[in-house]
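Data block below; observations after.
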Amino acid sequence: MNLREIIHSRRSIRAYKPDPIPEEDMKELLLSLQNAPSASNRQPWKFIIVTDNELKNRIAELCFRQMFIAEAPYILVGVGNATDAWRGKGTYVKNWEIVDVSIALDHFSLAAWEKGIGTCWIGAMDDKGIAALLGIEEPWHIIALMPFGYPREIGNHRGRKSLEQIISYNHF
Ligand SMILES: Cc1cc2nc3c(=O)[nH]c(=O)nc-3n(C[C@H](O)[C@H](O)[C@H](O)COP(=O)(O)O)c2cc1C
């Protein structure tokens, strides 16, 4: 798949096979996290890969019982550090770790899809509960989760707003 095909065919995956990811492919996915851009190259991030079944189940429960999350063989946890992050100037964004970690997670998602590995962004969660479970302490905090693994089912394309609705030139 070329980049265009990866971007256009990616779907959120909510049903996973238990099959493990070969070591070499996993390494490449981890490099996609490492190579993401970050504001002022601060890299205010850490990533946890959860494979333990009991932890995965607890995490899924703490995501308002989205139990498909525990079906994935892996859950990627994106963790940011506001203290390390670049401090925004002249914008409403005070610390950029949320943006930085999000970019890295999205690179991961696209790199995974190229290998036939599905992901799903997870934002609906009790982040404090999951942080306590995984031993994440201030100033670190969870930005988002991403279960990943080979898809058991691939859902349909969710519609998108038209280009006319979202793009303008020169003025808002
Ligand atoms: C920041 C963010 C948080 C999300 N949180 C959840 C979630 O908690 N549970 C879920 O099933 N999907 C979640 N999604 C996935 C979206 O529902 C999905 O991306 C959207 O419906 C478009 O579908 P697609 O990814 O298949 O194109 C989230 C996506 C983003 C970007």
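Convention: chains lettered A, B, ... in structure tokens order; per-chain residue numbering from 1; ligands numbered from 1 as shown.
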
Contacts of range 34-40 of chain A within 8 Å, only C-alpha atoms, excl. fewer than 4 positions in-chain, as a PyMOL selection string = chain A and resi 30+44+85-86+96+99-101+103-104+107

Saved selection, atoms kept: N, CA, C and O atoms, as a PDB file, in the first residue's frame:
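The resulting file, result25.pdb, is shown below:
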```
ATOM      1  N   LEU A  30       7.404   0.495  16.677  1.00  0.00           N
ATOM      2  CA  LEU A  30       7.965   1.298  17.777  1.00  0.00           C
ATOM      3  C   LEU A  30       8.815   2.439  17.215  1.00  0.00           C
ATOM      4  O   LEU A  30       8.809   3.563  17.744  1.00  0.00           O
ATOM      5  N   PRO A  44       8.157  14.729  24.681  1.00  0.00           N
ATOM      6  CA  PRO A  44       7.707  14.595  26.082  1.00  0.00           C
ATOM      7  C   PRO A  44       6.781  13.399  26.269  1.00  0.00           C
ATOM      8  O   PRO A  44       5.648  13.541  26.724  1.00  0.00           O
ATOM      9  N   ALA A  85       7.166  19.254  28.087  1.00  0.00           N
ATOM     10  CA  ALA A  85       6.688  19.679  26.770  1.00  0.00           C
ATOM     11  C   ALA A  85       7.024  21.139  26.505  1.00  0.00           C
ATOM     12  O   ALA A  85       7.210  21.933  27.442  1.00  0.00           O
ATOM     13  N   TRP A  86       7.079  21.482  25.236  1.00  0.00           N
ATOM     14  CA  TRP A  86       7.280  22.872  24.828  1.00  0.00           C
ATOM     15  C   TRP A  86       6.092  23.693  25.301  1.00  0.00           C
ATOM     16  O   TRP A  86       4.948  23.257  25.209  1.00  0.00           O
ATOM     17  N   TRP A  96       2.366  21.384  24.928  1.00  0.00           N
ATOM     18  CA  TRP A  96       2.073  20.728  23.654  1.00  0.00           C
ATOM     19  C   TRP A  96       2.134  19.209  23.717  1.00  0.00           C
ATOM     20  O   TRP A  96       2.111  18.546  22.677  1.00  0.00           O
ATOM     21  N   VAL A  99      -0.639  17.279  21.825  1.00  0.00           N
ATOM     22  CA  VAL A  99      -0.462  17.263  20.372  1.00  0.00           C
ATOM     23  C   VAL A  99       0.680  16.310  19.995  1.00  0.00           C
ATOM     24  O   VAL A  99       0.546  15.479  19.091  1.00  0.00           O
ATOM     25  N   ASP A 100       1.800  16.424  20.703  1.00  0.00           N
ATOM     26  CA  ASP A 100       2.972  15.602  20.379  1.00  0.00           C
ATOM     27  C   ASP A 100       2.647  14.104  20.452  1.00  0.00           C
ATOM     28  O   ASP A 100       2.960  13.335  19.538  1.00  0.00           O
ATOM     29  N   VAL A 101       2.046  13.699  21.548  1.00  0.00           N
ATOM     30  CA  VAL A 101       1.742  12.270  21.716  1.00  0.00           C
ATOM     31  C   VAL A 101       0.707  11.831  20.681  1.00  0.00           C
ATOM     32  O   VAL A 101       0.788  10.730  20.127  1.00  0.00           O
ATOM     33  N   ILE A 103       0.298  12.983  17.622  1.00  0.00           N
ATOM     34  CA  ILE A 103       0.963  12.790  16.323  1.00  0.00           C
ATOM     35  C   ILE A 103       1.650  11.426  16.296  1.00  0.00           C
ATOM     36  O   ILE A 103       1.526  10.658  15.335  1.00  0.00           O
ATOM     37  N   ALA A 104       2.356  11.107  17.373  1.00  0.00           N
ATOM     38  CA  ALA A 104       3.073   9.824  17.419  1.00  0.00           C
ATOM     39  C   ALA A 104       2.089   8.652  17.319  1.00  0.00           C
ATOM     40  O   ALA A 104       2.332   7.680  16.594  1.00  0.00           O
ATOM     41  N   HIS A 107       0.942   8.326  13.724  1.00  0.00           N
ATOM     42  CA  HIS A 107       1.974   7.674  12.894  1.00  0.00           C
ATOM     43  C   HIS A 107       1.940   6.164  13.122  1.00  0.00           C
ATOM     44  O   HIS A 107       2.011   5.369  12.182  1.00  0.00           O
TER      45      HIS A 107
END
```

Near-ligand residues for ligand 1, threshold 8 Å, only C-alpha atoms and all ligand atoms, as JSON, numbers by chain | {"A": [10, 11, 12, 13, 14, 63, 66, 120, 121, 122, 123, 124, 125, 144, 155, 156, 157, 158, 159]}

Write out, as an mmCIF file, in the first residue's frame, the residues just selected, with N, CA, C and O atoms.
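Output file result_21.cif follows:
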```
data_model
loop_
_atom_site.group_PDB
_atom_site.id
_atom_site.type_symbol
_atom_site.label_atom_id
_atom_site.label_comp_id
_atom_site.auth_asym_id
_atom_site.auth_seq_id
_atom_site.Cartn_x
_atom_site.Cartn_y
_atom_site.Cartn_z
ATOM 1 N N ARG A 10 -7.690 3.015 6.015
ATOM 2 C CA ARG A 10 -7.670 2.766 7.468
ATOM 3 C C ARG A 10 -9.063 2.904 8.086
ATOM 4 O O ARG A 10 -9.830 3.770 7.718
ATOM 5 N N ARG A 11 -9.370 1.995 8.989
ATOM 6 C CA ARG A 11 -10.624 2.073 9.750
ATOM 7 C C ARG A 11 -10.290 1.839 11.222
ATOM 8 O O ARG A 11 -9.338 1.124 11.526
ATOM 9 N N SER A 12 -11.132 2.346 12.089
ATOM 10 C CA SER A 12 -11.023 1.956 13.502
ATOM 11 C C SER A 12 -11.422 0.490 13.610
ATOM 12 O O SER A 12 -12.468 0.094 13.092
ATOM 13 N N ILE A 13 -10.591 -0.304 14.280
ATOM 14 C CA ILE A 13 -10.844 -1.746 14.405
ATOM 15 C C ILE A 13 -11.329 -2.041 15.823
ATOM 16 O O ILE A 13 -10.680 -1.679 16.806
ATOM 17 N N ARG A 14 -12.473 -2.731 15.884
ATOM 18 C CA ARG A 14 -13.076 -3.023 17.199
ATOM 19 C C ARG A 14 -13.301 -4.520 17.404
ATOM 20 O O ARG A 14 -14.087 -4.922 18.264
ATOM 21 N N CYS A 63 -12.511 1.874 30.613
ATOM 22 C CA CYS A 63 -12.880 2.651 29.415
ATOM 23 C C CYS A 63 -14.391 2.519 29.216
ATOM 24 O O CYS A 63 -14.867 2.257 28.106
ATOM 25 N N GLN A 66 -15.726 -0.733 27.388
ATOM 26 C CA GLN A 66 -15.547 -1.011 25.954
ATOM 27 C C GLN A 66 -14.679 -2.282 25.877
ATOM 28 O O GLN A 66 -13.468 -2.221 25.709
ATOM 29 N N CYS A 120 -7.413 1.242 17.188
ATOM 30 C CA CYS A 120 -8.570 2.109 17.438
ATOM 31 C C CYS A 120 -8.161 3.130 18.502
ATOM 32 O O CYS A 120 -7.697 2.753 19.586
ATOM 33 N N TRP A 121 -8.298 4.390 18.167
ATOM 34 C CA TRP A 121 -8.084 5.434 19.171
ATOM 35 C C TRP A 121 -9.090 5.253 20.293
ATOM 36 O O TRP A 121 -10.278 5.024 20.029
ATOM 37 N N ILE A 122 -8.643 5.400 21.518
ATOM 38 C CA ILE A 122 -9.569 5.370 22.657
ATOM 39 C C ILE A 122 -9.346 6.621 23.510
ATOM 40 O O ILE A 122 -8.265 6.840 24.057
ATOM 41 N N GLY A 123 -10.409 7.432 23.560
ATOM 42 C CA GLY A 123 -10.353 8.632 24.387
ATOM 43 C C GLY A 123 -11.325 8.557 25.551
ATOM 44 O O GLY A 123 -11.179 9.288 26.538
ATOM 45 N N ALA A 124 -12.328 7.678 25.436
ATOM 46 C CA ALA A 124 -13.336 7.565 26.501
ATOM 47 C C ALA A 124 -12.812 6.640 27.582
ATOM 48 O O ALA A 124 -12.798 5.413 27.411
ATOM 49 N N MET A 125 -12.329 7.207 28.648
ATOM 50 C CA MET A 125 -11.710 6.382 29.705
ATOM 51 C C MET A 125 -11.635 7.154 31.015
ATOM 52 O O MET A 125 -11.662 8.382 31.026
ATOM 53 N N ALA A 144 -3.986 9.126 25.350
ATOM 54 C CA ALA A 144 -4.966 8.262 24.677
ATOM 55 C C ALA A 144 -4.454 6.826 24.707
ATOM 56 O O ALA A 144 -3.270 6.572 24.949
ATOM 57 N N GLY A 155 -14.794 -2.663 9.910
ATOM 58 C CA GLY A 155 -16.079 -1.972 9.759
ATOM 59 C C GLY A 155 -16.144 -1.158 8.466
ATOM 60 O O GLY A 155 -15.157 -1.024 7.747
ATOM 61 N N ASN A 156 -17.330 -0.649 8.211
ATOM 62 C CA ASN A 156 -17.524 0.178 7.019
ATOM 63 C C ASN A 156 -16.927 1.559 7.211
ATOM 64 O O ASN A 156 -16.696 1.995 8.338
ATOM 65 N N HIS A 157 -16.744 2.236 6.090
ATOM 66 C CA HIS A 157 -16.245 3.606 6.151
ATOM 67 C C HIS A 157 -17.275 4.495 6.817
ATOM 68 O O HIS A 157 -18.460 4.439 6.476
ATOM 69 N N ARG A 158 -16.839 5.255 7.827
ATOM 70 C CA ARG A 158 -17.733 6.232 8.436
ATOM 71 C C ARG A 158 -17.686 7.466 7.561
ATOM 72 O O ARG A 158 -16.614 7.864 7.109
ATOM 73 N N GLY A 159 -18.811 8.076 7.329
ATOM 74 C CA GLY A 159 -18.845 9.247 6.447
ATOM 75 C C GLY A 159 -17.980 10.384 6.969
ATOM 76 O O GLY A 159 -17.583 10.401 8.128
#
```

Measuring atom to atom with only C-alpha atoms, identify which of A:Phe172, A:Trp113, A:Phe47, A:Trp140 is nearest to Val77 in chain A.
->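 Smallest separation from Val77 in chain A among the options: A:Phe47.
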
A:Thr91, A:Lys115, A:Ser168, A:Ala60: which is nearest Asp25 in chain A, counting only C-alpha atoms?
-> A:Lys115

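Here CA of Val50 in chain A and CA of Asn81 in chain A stand 19.5 Å from one another.
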
Using only C-alpha atoms, find the one residue out of A:His8, A:Lys46, A:Lys56, A:Arg65 that sits nearest to Ser102 in chain A.
-> A:Lys46
